[in-house]
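J.: Next comes model_20.cif, mmCIF, C-alpha atoms:
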data_coords
loop_
_atom_site.group_PDB
_atom_site.id
_atom_site.type_symbol
_atom_site.label_atom_id
_atom_site.label_comp_id
_atom_site.auth_asym_id
_atom_site.auth_seq_id
_atom_site.Cartn_x
_atom_site.Cartn_y
_atom_site.Cartn_z
ATOM 1 C CA MET A 1 66.032 105.357 131.513
ATOM 2 C CA PRO A 2 63.630 103.561 129.188
ATOM 3 C CA ALA A 3 63.132 104.834 125.663
ATOM 4 C CA ILE A 4 60.794 107.810 125.540
ATOM 5 C CA GLN A 5 59.670 107.146 122.004
ATOM 6 C CA SER A 6 56.188 105.693 121.747
ATOM 7 C CA PRO A 7 55.992 102.347 120.023
ATOM 8 C CA GLU A 8 54.625 102.306 116.500
ATOM 9 C CA SER A 9 51.321 100.489 116.327
ATOM 10 C CA VAL A 10 50.550 98.253 113.369
ATOM 11 C CA GLU A 11 46.885 97.852 114.289
ATOM 12 C CA ILE A 12 44.269 100.167 112.841
ATOM 13 C CA HIS A 13 43.744 103.021 115.267
ATOM 14 C CA PRO A 14 40.164 103.255 116.609
ATOM 15 C CA ASP A 15 40.122 106.934 115.551
ATOM 16 C CA VAL A 16 40.039 105.842 111.911
ATOM 17 C CA GLU A 17 36.533 104.484 112.323
ATOM 18 C CA LEU A 18 35.382 107.472 114.386
ATOM 19 C CA VAL A 19 36.706 109.881 111.767
ATOM 20 C CA ALA A 20 34.989 107.943 108.987
ATOM 21 C CA ARG A 21 31.700 108.051 110.901
ATOM 22 C CA ALA A 22 32.118 111.751 111.655
ATOM 23 C CA LYS A 23 32.713 112.390 107.931
ATOM 24 C CA ASP A 24 29.374 110.685 107.295
ATOM 25 C CA GLY A 25 27.703 113.141 109.643
ATOM 26 C CA ASP A 26 27.668 111.059 112.822
ATOM 27 C CA VAL A 27 27.546 113.702 115.581
ATOM 28 C CA ALA A 28 28.267 111.207 118.365
ATOM 29 C CA ALA A 29 31.455 110.051 116.623
ATOM 30 C CA PHE A 30 32.784 113.598 116.332
ATOM 31 C CA GLU A 31 31.786 114.218 119.935
ATOM 32 C CA ARG A 32 33.864 111.203 121.018
ATOM 33 C CA LEU A 33 36.876 112.635 119.193
ATOM 34 C CA VAL A 34 36.382 115.981 120.933
ATOM 35 C CA ARG A 35 36.185 114.297 124.339
ATOM 36 C CA GLN A 36 39.264 112.237 123.587
ATOM 37 C CA TYR A 37 41.511 115.106 122.623
ATOM 38 C CA ASP A 38 40.152 118.343 124.122
ATOM 39 C CA ARG A 39 42.427 118.136 127.171
ATOM 40 C CA GLN A 40 45.525 117.499 125.069
ATOM 41 C CA ILE A 41 44.745 120.312 122.639
ATOM 42 C CA PHE A 42 44.056 122.722 125.509
ATOM 43 C CA ARG A 43 47.356 121.742 127.138
ATOM 44 C CA VAL A 44 49.354 122.202 123.935
ATOM 45 C CA ALA A 45 47.777 125.620 123.344
ATOM 46 C CA GLN A 46 48.328 126.670 126.948
ATOM 47 C CA HIS A 47 51.974 125.585 126.842
ATOM 48 C CA ILE A 48 52.707 127.473 123.645
ATOM 49 C CA THR A 49 50.721 130.646 124.336
ATOM 50 C CA GLN A 50 51.160 130.668 128.119
ATOM 51 C CA ASN A 51 47.712 132.226 128.290
ATOM 52 C CA ARG A 52 44.573 130.526 129.560
ATOM 53 C CA GLU A 53 42.001 132.547 127.640
ATOM 54 C CA ASP A 54 43.918 132.053 124.406
ATOM 55 C CA ALA A 55 44.131 128.330 125.096
ATOM 56 C CA GLU A 56 40.343 128.124 125.556
ATOM 57 C CA ASP A 57 39.696 130.003 122.308
ATOM 58 C CA ILE A 58 42.270 127.959 120.435
ATOM 59 C CA THR A 59 40.782 124.670 121.646
ATOM 60 C CA GLN A 60 37.415 125.709 120.213
ATOM 61 C CA ASP A 61 38.985 126.944 116.981
ATOM 62 C CA VAL A 62 41.008 123.754 116.511
ATOM 63 C CA PHE A 63 37.997 121.464 116.706
ATOM 64 C CA PHE A 64 35.903 123.777 114.567
ATOM 65 C CA LYS A 65 38.642 123.841 111.904
ATOM 66 C CA ALA A 66 39.006 120.079 112.157
ATOM 67 C CA TYR A 67 35.253 119.721 111.640
ATOM 68 C CA GLN A 68 35.341 122.008 108.614
ATOM 69 C CA LYS A 69 38.340 120.248 107.085
ATOM 70 C CA LEU A 70 37.453 116.704 108.064
ATOM 71 C CA GLU A 71 37.099 115.696 104.422
ATOM 72 C CA GLN A 72 40.702 116.743 103.840
ATOM 73 C CA PHE A 73 42.004 114.418 106.523
ATOM 74 C CA GLN A 74 43.300 111.465 104.559
ATOM 75 C CA GLY A 75 44.513 109.377 107.465
ATOM 76 C CA ASN A 76 48.157 109.502 106.428
ATOM 77 C CA SER A 77 48.959 110.573 109.979
ATOM 78 C CA LYS A 78 47.213 109.958 113.284
ATOM 79 C CA PHE A 79 44.113 112.080 113.822
ATOM 80 C CA SER A 80 45.635 113.367 117.078
ATOM 81 C CA THR A 81 48.818 114.489 115.280
ATOM 82 C CA TRP A 82 46.669 116.291 112.718
ATOM 83 C CA LEU A 83 44.808 118.082 115.535
ATOM 84 C CA VAL A 84 48.065 118.972 117.277
ATOM 85 C CA ARG A 85 49.396 120.439 114.054
ATOM 86 C CA ILE A 86 46.324 122.688 113.798
ATOM 87 C CA ALA A 87 46.728 123.622 117.474
ATOM 88 C CA VAL A 88 50.387 124.580 116.998
ATOM 89 C CA ASN A 89 49.576 126.782 114.005
ATOM 90 C CA GLU A 90 46.699 128.473 115.808
ATOM 91 C CA SER A 91 48.823 129.017 118.921
ATOM 92 C CA LEU A 92 51.731 130.537 117.008
ATOM 93 C CA MET A 93 49.264 132.813 115.224
ATOM 94 C CA ARG A 94 47.953 134.000 118.581
ATOM 95 C CA LEU A 95 51.470 134.737 119.765
ATOM 96 C CA ARG A 96 52.103 136.728 116.598
ATOM 97 C CA LYS A 97 48.944 138.766 117.135
ATOM 98 C CA ARG A 98 49.859 139.434 120.743
ATOM 99 C CA LYS A 99 53.331 140.599 119.840
ATOM 100 C CA THR A 100 52.043 142.683 116.875
ATOM 101 C CA SER A 101 55.181 143.825 115.078
ATOM 102 C CA LYS A 102 57.406 141.004 116.215
ATOM 103 C CA THR A 103 57.425 137.789 114.229
ATOM 104 C CA VAL A 104 56.882 134.604 116.158
ATOM 105 C CA SER A 105 57.739 131.397 114.433
ATOM 106 C CA MET A 106 59.257 128.036 115.080
ATOM 107 C CA ASP A 107 62.571 129.611 114.127
ATOM 108 C CA GLU A 108 62.521 132.523 116.527
ATOM 109 C CA ASP A 109 65.494 132.591 118.895
ATOM 110 C CA VAL A 110 66.549 129.074 118.001
ATOM 111 C CA HIS A 111 69.786 130.289 116.462
ATOM 112 C CA THR A 112 71.071 131.538 119.793
ATOM 113 C CA GLU A 113 73.707 129.388 121.411
ATOM 114 C CA GLU A 114 72.329 130.179 124.864
ATOM 115 C CA GLY A 115 71.893 127.109 127.005
ATOM 116 C CA SER A 116 73.392 124.707 124.504
ATOM 117 C CA ILE A 117 76.319 123.920 126.783
ATOM 118 C CA PRO A 118 75.684 122.784 130.359
ATOM 119 C CA ARG A 119 77.220 125.043 132.991
ATOM 120 C CA ASP A 120 75.674 123.867 136.234
ATOM 121 C CA PHE A 121 77.077 120.513 137.318
ATOM 122 C CA ALA A 122 75.644 120.402 140.834
ATOM 123 C CA GLU A 123 73.961 117.117 141.696
ATOM 124 C CA TRP A 124 70.185 117.160 142.109
ATOM 125 C CA ARG A 125 68.340 115.729 145.064
ATOM 126 C CA PRO A 126 66.947 112.215 144.469
ATOM 127 C CA ASN A 127 63.292 113.310 144.245
ATOM 128 C CA PRO A 128 63.492 117.095 144.061
ATOM 129 C CA GLU A 129 59.834 117.538 143.143
ATOM 130 C CA GLN A 130 58.842 116.153 146.540
ATOM 131 C CA GLU A 131 60.503 119.103 148.288
ATOM 132 C CA PHE A 132 57.743 121.388 147.065
ATOM 133 C CA ASN A 133 53.992 121.334 147.391
ATOM 134 C CA GLN A 134 51.907 120.973 144.233
ATOM 135 C CA SER A 135 51.229 124.667 143.785
ATOM 136 C CA GLU A 136 54.867 125.667 144.386
ATOM 137 C CA LEU A 137 56.074 123.027 141.967
ATOM 138 C CA GLY A 138 53.521 124.060 139.351
ATOM 139 C CA GLU A 139 54.642 127.674 139.680
ATOM 140 C CA ILE A 140 58.327 126.734 139.282
ATOM 141 C CA LEU A 141 57.638 124.602 136.223
ATOM 142 C CA ARG A 142 55.393 127.209 134.585
ATOM 143 C CA LYS A 143 57.857 130.037 135.217
ATOM 144 C CA THR A 144 60.742 127.973 133.899
ATOM 145 C CA ILE A 145 59.130 126.763 130.680
ATOM 146 C CA GLN A 146 57.800 130.280 130.032
ATOM 147 C CA GLY A 147 61.397 131.470 129.685
ATOM 148 C CA LEU A 148 62.114 129.206 126.714
ATOM 149 C CA PRO A 149 61.842 130.588 123.163
ATOM 150 C CA PRO A 150 58.539 129.430 121.577
ATOM 151 C CA GLY A 151 60.385 127.204 119.089
ATOM 152 C CA PHE A 152 62.048 125.235 121.876
ATOM 153 C CA ARG A 153 59.003 125.288 124.157
ATOM 154 C CA THR A 154 56.821 123.827 121.426
ATOM 155 C CA VAL A 155 59.189 120.967 120.616
ATOM 156 C CA PHE A 156 59.607 120.103 124.305
ATOM 157 C CA THR A 157 55.833 120.216 124.844
ATOM 158 C CA LEU A 158 55.022 117.868 121.987
ATOM 159 C CA ARG A 159 57.889 115.464 122.489
ATOM 160 C CA ASP A 160 58.313 115.270 126.246
ATOM 161 C CA ILE A 161 54.997 116.366 127.722
ATOM 162 C CA GLU A 162 52.575 115.061 125.097
ATOM 163 C CA ASN A 163 54.778 112.075 124.327
ATOM 164 C CA LEU A 164 54.641 112.356 120.548
ATOM 165 C CA SER A 165 57.422 110.475 118.766
ATOM 166 C CA THR A 166 60.236 112.457 117.159
ATOM 167 C CA GLU A 167 58.722 111.736 113.738
ATOM 168 C CA GLU A 168 55.224 112.814 114.833
ATOM 169 C CA THR A 169 56.656 115.990 116.356
ATOM 170 C CA ALA A 170 58.520 116.737 113.125
ATOM 171 C CA GLU A 171 55.344 116.165 111.130
ATOM 172 C CA ALA A 172 53.188 118.307 113.428
ATOM 173 C CA LEU A 173 55.673 121.184 113.266
ATOM 174 C CA GLY A 174 56.742 120.883 109.654
ATOM 175 C CA LEU A 175 60.368 120.391 110.730
ATOM 176 C CA SER A 176 62.953 117.786 109.820
ATOM 177 C CA VAL A 177 63.753 115.024 112.311
ATOM 178 C CA PRO A 178 67.317 116.367 112.874
ATOM 179 C CA ALA A 179 65.868 119.854 113.537
ATOM 180 C CA VAL A 180 63.473 118.414 116.137
ATOM 181 C CA LYS A 181 66.301 116.503 117.815
ATOM 182 C CA SER A 182 68.532 119.540 117.926
ATOM 183 C CA ARG A 183 65.820 121.798 119.379
ATOM 184 C CA LEU A 184 64.756 119.153 121.834
ATOM 185 C CA LEU A 185 68.282 118.812 123.183
ATOM 186 C CA ARG A 186 68.606 122.571 123.604
ATOM 187 C CA ALA A 187 65.165 122.819 125.231
ATOM 188 C CA ARG A 188 65.931 120.023 127.686
ATOM 189 C CA LEU A 189 69.333 121.460 128.571
ATOM 190 C CA GLN A 190 67.970 124.963 129.068
ATOM 191 C CA LEU A 191 65.161 123.730 131.312
ATOM 192 C CA ARG A 192 67.606 121.571 133.254
ATOM 193 C CA GLU A 193 69.913 124.530 133.742
ATOM 194 C CA ARG A 194 67.100 126.778 134.966
ATOM 195 C CA LEU A 195 65.540 124.153 137.245
ATOM 196 C CA SER A 196 68.886 123.358 138.794
ATOM 197 C CA ARG A 197 68.706 126.375 141.069
ATOM 198 C CA TYR A 198 65.597 124.922 142.715
ATOM 199 C CA PHE A 199 66.399 121.232 142.634
ATOM 200 C CA LYS A 200 70.100 120.897 143.285
ATOM 201 C CA ARG A 201 71.387 119.263 146.422
ATOM 202 C CA LYS A 202 72.394 121.828 149.009
ATOM 203 C CA GLU A 203 72.376 122.491 152.748
ATOM 204 C CA SER A 204 69.796 125.270 152.857
ATOM 205 C CA GLN A 205 66.895 124.562 150.564
ATOM 206 C CA PRO A 206 64.758 127.312 149.080
ATOM 207 C CA ALA A 207 61.387 127.846 150.674
ATOM 208 C CA MET H 208 84.251 109.799 123.737
ATOM 209 C CA THR H 209 84.389 113.473 124.743
ATOM 210 C CA CYS H 210 81.721 115.416 126.667
ATOM 211 C CA THR H 211 80.742 117.138 123.394
ATOM 212 C CA ASP H 212 80.308 113.742 121.702
ATOM 213 C CA PHE H 213 78.205 112.609 124.655
ATOM 214 C CA LEU H 214 75.931 115.673 124.433
ATOM 215 C CA ALA H 215 75.499 115.088 120.713
ATOM 216 C CA ARG H 216 74.223 111.586 121.532
ATOM 217 C CA LEU H 217 72.052 112.564 124.499
ATOM 218 C CA THR H 218 68.733 112.802 122.610
ATOM 219 C CA ASP H 219 69.378 109.447 120.913
ATOM 220 C CA TYR H 220 70.302 107.986 124.291
ATOM 221 C CA PHE H 221 66.940 109.015 125.774
ATOM 222 C CA ASP H 222 65.158 107.686 122.696
ATOM 223 C CA GLY H 223 67.035 104.398 122.845
ATOM 224 C CA THR H 224 68.322 105.005 119.314
ATOM 225 C CA VAL H 225 72.067 105.205 119.917
ATOM 226 C CA PRO H 226 73.687 102.887 117.335
ATOM 227 C CA SER H 227 74.441 99.590 119.061
ATOM 228 C CA GLY H 228 78.157 99.967 118.479
ATOM 229 C CA LEU H 229 78.188 103.221 120.439
ATOM 230 C CA VAL H 230 76.049 102.324 123.463
ATOM 231 C CA ALA H 231 78.944 100.851 125.437
ATOM 232 C CA GLU H 232 81.057 103.919 124.666
ATOM 233 C CA VAL H 233 78.317 106.268 125.885
ATOM 234 C CA GLN H 234 77.855 104.245 129.070
ATOM 235 C CA LYS H 235 81.600 104.158 129.651
ATOM 236 C CA HIS H 236 81.765 107.934 129.321
ATOM 237 C CA ILE H 237 78.908 108.391 131.818
ATOM 238 C CA SER H 238 80.627 106.125 134.329
ATOM 239 C CA GLU H 239 83.889 108.052 134.030
ATOM 240 C CA CYS H 240 82.688 111.661 133.730
ATOM 241 C CA LYS H 241 80.973 113.104 136.783
ATOM 242 C CA HIS H 242 79.729 116.185 134.906
ATOM 243 C CA CYS H 243 78.009 114.154 132.206
ATOM 244 C CA GLU H 244 76.570 111.775 134.793
ATOM 245 C CA VAL H 245 75.000 114.796 136.544
ATOM 246 C CA VAL H 246 73.722 116.231 133.251
ATOM 247 C CA LEU H 247 72.144 112.882 132.360
ATOM 248 C CA ASP H 248 70.552 112.467 135.796
ATOM 249 C CA SER H 249 69.188 116.008 136.035
ATOM 250 C CA THR H 250 67.958 116.058 132.436
ATOM 251 C CA THR H 251 66.140 112.766 133.032
ATOM 252 C CA LYS H 252 64.539 114.279 136.142
ATOM 253 C CA THR H 253 63.617 117.438 134.211
ATOM 254 C CA ILE H 254 61.718 115.392 131.623
ATOM 255 C CA ASN H 255 60.009 113.199 134.197
ATOM 256 C CA ILE H 256 58.945 116.089 136.422
ATOM 257 C CA TYR H 257 57.369 117.944 133.494
ATOM 258 C CA ARG H 258 55.739 114.775 132.233
ATOM 259 C CA ASN H 259 54.233 113.822 135.573
ATOM 260 C CA GLN H 260 53.007 117.211 136.697
ATOM 261 C CA GLU H 261 49.652 118.454 135.437
ATOM 262 C CA MET H 262 50.587 122.115 135.156
ATOM 263 C CA TYR H 263 47.308 123.586 134.037
ATOM 264 C CA ASP H 264 43.846 123.002 135.477
ATOM 265 C CA PHE H 265 41.433 121.335 133.138
ATOM 266 C CA THR H 266 38.377 121.102 135.319
ATOM 267 C CA PRO H 267 35.200 119.203 134.381
ATOM 268 C CA GLU H 268 33.459 122.604 134.247
ATOM 269 C CA LEU H 269 35.981 123.914 131.716
ATOM 270 C CA GLU H 270 35.702 120.737 129.662
ATOM 271 C CA GLU H 271 31.905 120.960 129.594
ATOM 272 C CA ARG H 272 32.011 124.629 128.598
ATOM 273 C CA LEU H 273 34.481 123.954 125.791
ATOM 274 C CA HIS H 274 32.674 120.842 124.692
ATOM 275 C CA SER H 275 29.342 122.590 124.499
ATOM 276 C CA ALA H 276 30.829 125.586 122.619
ATOM 277 C CA ILE H 277 32.606 123.307 120.130
ATOM 278 C CA MET H 278 29.576 121.155 119.394
ATOM 279 C CA THR H 279 27.346 124.207 119.025
ATOM 280 C CA ARG H 280 29.790 125.826 116.595
ATOM 281 C CA CYS H 281 30.041 122.651 114.555
ATOM 282 C CA TYR H 282 26.487 121.410 114.537
ATOM 283 C CA GLY H 283 24.401 124.370 115.690
ATOM 284 C CA ALA H 284 22.347 124.826 118.825
ATOM 285 C CA GLU H 285 19.309 122.902 117.598
ATOM 286 C CA LYS H 286 21.113 119.635 117.039
ATOM 287 C CA GLN H 287 22.837 120.061 120.396
ATOM 288 C CA THR H 288 19.667 120.457 122.392
ATOM 289 C CA ALA H 289 18.000 117.672 120.434
ATOM 290 C CA LYS H 290 20.769 115.236 121.371
#
Once you've parsed the file, please lay out its structure as structure tokens.
T.:
Amino acid sequence: MPAIQSPESVEIHPDVELVARAKDGDVAAFERLVRQYDRQIFRVAQHITQNREDAEDITQDVFFKAYQKLEQFQGNSKFSTWLVRIAVNESLMRLRKRKTSKTVSMDEDVHTEEGSIPRDFAEWRPNPEQEFNQSELGEILRKTIQGLPPGFRTVFTLRDIENLSTEETAEALGLSVPAVKSRLLRARLQLRERLSRYFKRKESQPA
Amino acid sequence: MTCTDFLARLTDYFDGTVPSGLVAEVQKHISECKHCEVVLDSTTKTINIYRNQEMYDFTPELEERLHSAIMTRCYGAEKQTAK
């Protein structure tokens, strides 16, 4: 499998100019940034909160906060990583509010050993996703990722779904690179284990 | 290389960051251990399936609604309608 890490670009990212223009009050430049990243921010928020209404509110809040704090963005990281970081914080705050007394953080449940050792060694079908229609597959994937602790779900979302590099993921979450790698491994193995019941090779396939 | 060693290297293997001296060892282990071969194959498929499947609808209507709400919050209704 090819490397998943995105290549580091040495060229100046086009966002740098858009951000500079937006800082100078250029509405169209900020609008371009919103259009560029609204889908990604919505997806991140939806993955972490698992709630559509929350994801819509968070998407609005993220861009509003970004607008308010635009002067503070120094360009040390990508603009998109900065937005994702705001989205993660807002999403975790929503989860905390929803759960009231229970703390939700990047550390919740990550100390459990559950799922860290593979148990299911059945071979998967060559293209298991093709055995299901789009809505069935979507339901399986949603249900499965929902079962992960938020700390694992968030790392998997940023690294594997949004394709951030390990370093960008660490930066967005305020974690060390080894912590991201460790959580990513556990997240991947837990998802693999849970999906195996749907995707493994067998005589009678589930409906 | 043991199965535990292999698992410890799995993330680096996906990232293409296994130290060059260890790549051959990892590949040798995969070719000799059926369990780890299955874990590698099914984990690869897990990542690819999640990456390729758009799990949540983001319709043009939703985008327009969000876009309009964001721009109004940031710049106010007047500037929006004037644009």
J.: Residues picked by the PyMOL selection byres ((chain H) within 10 of (chain A)) here, as number ranges by chain?
T.: H: 211, 214-224, 241-266, 269-282, 286-287, 290
J.: Hey, can you check how far atom CA of H:Ser238 sits from atom CA of A:Lys202?
T.: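 Straight-line distance from atom CA of H:Ser238 to atom CA of A:Lys202 works out to 23.0 Å.
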J.: What does the structure give for the distance between atom CA of A:Glu17 and atom CA of A:Ala29, in Å to one decimal?
T.: 8.7 Å
J.: Give me, please, the distance in Å between atom CA of A:Ser91 and atom CA of A:Ala45, quoted to one decimal.
T.: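 Result for atom CA of A:Ser91 versus atom CA of A:Ala45: 5.7 Å, one decimal.
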J.: Select, from A:Ile58, A:Ile12, A:Ala179, A:Leu148, the residue with the minimum atom-to-atom distance to A:Ile86, counting only C-alpha atoms.
T.: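 The shortest atom-to-atom distance to A:Ile86 comes from A:Ile58.
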J.: Taking (37.3, 112.6, 106.8) in the file's coordinates, which residues come within 6 Å, counting only C-alpha atoms, written as number ranges by chain?
T.: A: 19-20, 23, 70-71, 73
J.: Between A:His13, A:Arg197, A:Arg21, A:Arg98, which is the closest to A:Ser77 once you count only C-alpha atoms?
T.: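 Among the listed residues, A:His13 lies closest to A:Ser77.
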